[in-house]
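Colleague: Dumping the structure here so I can ask a few things about it.
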Amino acid sequence: MSADLYGEGVDEEDIRRERAKAREIRKSRWWQTKLSLGICYYCGKKTPAKELTMDHIVPLARGGTSSKGNLAACCKECNNLKKTMLPMEWDEYMKR
Ligand SMILES: [Zn+2]
């Protein structure tokens, strides 16, 4: 994959590092607590912990990091939608 695919200042090395960080955070108590709340960050729907996925609010490819402030537990539905939409479309969706 070419680094040109990513936004300015974001290279594959950064993304790999942030992904590794996210994997570590998944094992943390902080994340487990978030999951146990059982609420999707985006749609607010009650979702069983095992169906919640980790999402980067600002995608890594757009310069987001694996910091606690940028990680959200969301349901598969929202995760899929977010992946298929352009960031602008997703913003519109969230306003509704
Ligand atoms: Zn959701």
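Simple scheme: letters A, B, ... for chains in structure tokens order, numbers from 1 for residues in each chain, numbers from 1 for ligands in the order shown.
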Within chain A, find each residue whose DSSP state, derived from the backbone, is strand (DSSP E or B), and express the selection as a ChimeraX atom specification.

Modeller: /A:39,46,52-56,71-75

Colleague: Need the shell around Met94 in chain A: protein/DNA/RNA residues with any atom at most 12 Å away, counting only C-alpha atoms. Skip same-chain ones fewer than 6 positions apart. Format as a PyMOL selection string?

Modeller: chain A and resi 41-44+78+81-82+85+87-88

Colleague: Where does chain A meet ligand 1 within 9 Å, residue by residue, with the nearest atom pair and distance in Å to one decimal for each, counting only C-alpha atoms and all ligand atoms, listed by chain and rising number, as a tab-separated table?

Modeller:
```
residue	atom	partner	partner_atom_place_in_ligand_line	distance
A:Ile39	CA	ligand 1	1 (Zn)	8.0
A:Cys40	CA	ligand 1	1 (Zn)	4.7
A:Tyr41	CA	ligand 1	1 (Zn)	6.6
A:Tyr42	CA	ligand 1	1 (Zn)	5.1
A:Cys43	CA	ligand 1	1 (Zn)	4.1
A:Gly44	CA	ligand 1	1 (Zn)	6.2
A:Lys45	CA	ligand 1	1 (Zn)	5.8
A:Lys46	CA	ligand 1	1 (Zn)	8.5
A:Thr47	CA	ligand 1	1 (Zn)	8.1
A:Leu52	CA	ligand 1	1 (Zn)	8.6
A:Ala73	CA	ligand 1	1 (Zn)	8.7
A:Cys74	CA	ligand 1	1 (Zn)	5.3
A:Cys75	CA	ligand 1	1 (Zn)	4.3
A:Lys76	CA	ligand 1	1 (Zn)	6.8
A:Glu77	CA	ligand 1	1 (Zn)	5.7
A:Cys78	CA	ligand 1	1 (Zn)	4.3
A:Asn79	CA	ligand 1	1 (Zn)	7.2
```

Colleague: Produce a file of the selected residues containing N, CA and C atoms, as a short mmCIF file (atom, residue, chain, number, x, y, z; two decimals), in the first residue's frame.

Modeller:
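See out_7.cif below for the written result:
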```cif
data_model
loop_
_atom_site.label_atom_id
_atom_site.label_comp_id
_atom_site.auth_asym_id
_atom_site.auth_seq_id
_atom_site.Cartn_x
_atom_site.Cartn_y
_atom_site.Cartn_z
N ILE A 39 -23.21 0.49 25.82
CA ILE A 39 -23.89 1.54 25.07
C ILE A 39 -23.05 1.93 23.86
N CYS A 40 -23.70 2.01 22.71
CA CYS A 40 -22.99 2.45 21.50
C CYS A 40 -22.74 3.96 21.60
N TYR A 41 -21.51 4.35 21.37
CA TYR A 41 -21.13 5.76 21.47
C TYR A 41 -21.89 6.63 20.47
N TYR A 42 -22.20 6.08 19.32
CA TYR A 42 -22.81 6.88 18.25
C TYR A 42 -24.33 6.92 18.32
N CYS A 43 -24.95 5.75 18.36
CA CYS A 43 -26.42 5.76 18.30
C CYS A 43 -27.04 5.62 19.69
N GLY A 44 -26.22 5.33 20.70
CA GLY A 44 -26.74 5.25 22.07
C GLY A 44 -27.56 4.01 22.35
N LYS A 45 -27.55 3.09 21.40
CA LYS A 45 -28.33 1.87 21.55
C LYS A 45 -27.67 0.94 22.57
N LYS A 46 -28.50 0.27 23.38
CA LYS A 46 -27.97 -0.73 24.30
C LYS A 46 -27.46 -1.90 23.48
N THR A 47 -26.20 -2.27 23.69
CA THR A 47 -25.57 -3.31 22.89
C THR A 47 -24.76 -4.21 23.80
N LEU A 52 -19.92 -4.99 20.86
CA LEU A 52 -19.36 -3.65 20.68
C LEU A 52 -17.97 -3.76 20.06
N ALA A 73 -16.56 2.91 21.96
CA ALA A 73 -17.19 1.60 21.76
C ALA A 73 -18.44 1.82 20.94
N CYS A 74 -18.56 1.12 19.83
CA CYS A 74 -19.78 1.30 19.05
C CYS A 74 -20.29 -0.04 18.53
N CYS A 75 -21.57 -0.06 18.17
CA CYS A 75 -22.18 -1.30 17.69
C CYS A 75 -21.70 -1.57 16.26
N LYS A 76 -21.87 -2.81 15.83
CA LYS A 76 -21.38 -3.20 14.51
C LYS A 76 -22.04 -2.38 13.41
N GLU A 77 -23.31 -2.11 13.62
CA GLU A 77 -24.06 -1.33 12.64
C GLU A 77 -23.39 0.02 12.36
N CYS A 78 -23.13 0.74 13.46
CA CYS A 78 -22.51 2.06 13.32
C CYS A 78 -21.11 1.94 12.74
N ASN A 79 -20.38 0.93 13.19
CA ASN A 79 -19.03 0.75 12.70
C ASN A 79 -19.02 0.53 11.19
#
```

Colleague: Excluding Thr65 in chain A and its own-chain neighbours fewer than 5 positions away, which residues fall within 9 Å of it when counting only C-alpha atoms? Please give them as a PDB file with C-alpha atoms, in the first residue's frame.

Modeller:
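The resulting result-v4.pdb:
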```pdb
ATOM      1  CA  ASP A  14       2.316   5.905  12.306  1.00  0.00           C
ATOM      2  CA  ILE A  15      -0.764   3.867  11.532  1.00  0.00           C
ATOM      3  CA  GLU A  18      -1.408   3.426  16.579  1.00  0.00           C
ATOM      4  CA  ARG A  19      -3.003   0.084  15.651  1.00  0.00           C
ATOM      5  CA  LYS A  21      -1.510   0.789  20.747  1.00  0.00           C
ATOM      6  CA  ALA A  22      -5.219   0.150  20.155  1.00  0.00           C
ATOM      7  CA  HIS A  56     -11.326   5.523  16.255  1.00  0.00           C
ATOM      8  CA  VAL A  58     -10.987  10.379  14.022  1.00  0.00           C
ATOM      9  CA  PRO A  59      -9.748   7.557  11.765  1.00  0.00           C
ATOM     10  CA  LEU A  60      -6.041   6.735  11.939  1.00  0.00           C
ATOM     11  CA  ASN A  70     -10.335   9.191  20.353  1.00  0.00           C
ATOM     12  CA  LEU A  71     -11.571   5.686  21.077  1.00  0.00           C
TER      13      LEU A  71
END
```

Colleague: Going by DSSP on the backbone, which residues of range 21-83 of chain A come out as alpha helix (DSSP H)? List them as JSON, numbers by chain.

Modeller: {"A": [21, 22, 23, 24, 25, 26, 29, 30, 31, 32, 33, 34, 35, 36, 37, 76, 77, 78, 79, 80, 81, 82, 83]}

Colleague: How many Å lie between CA of Gly63 in chain A and CA of Thr84 in chain A, rounded to one decimal?

Modeller: 18.3 Å
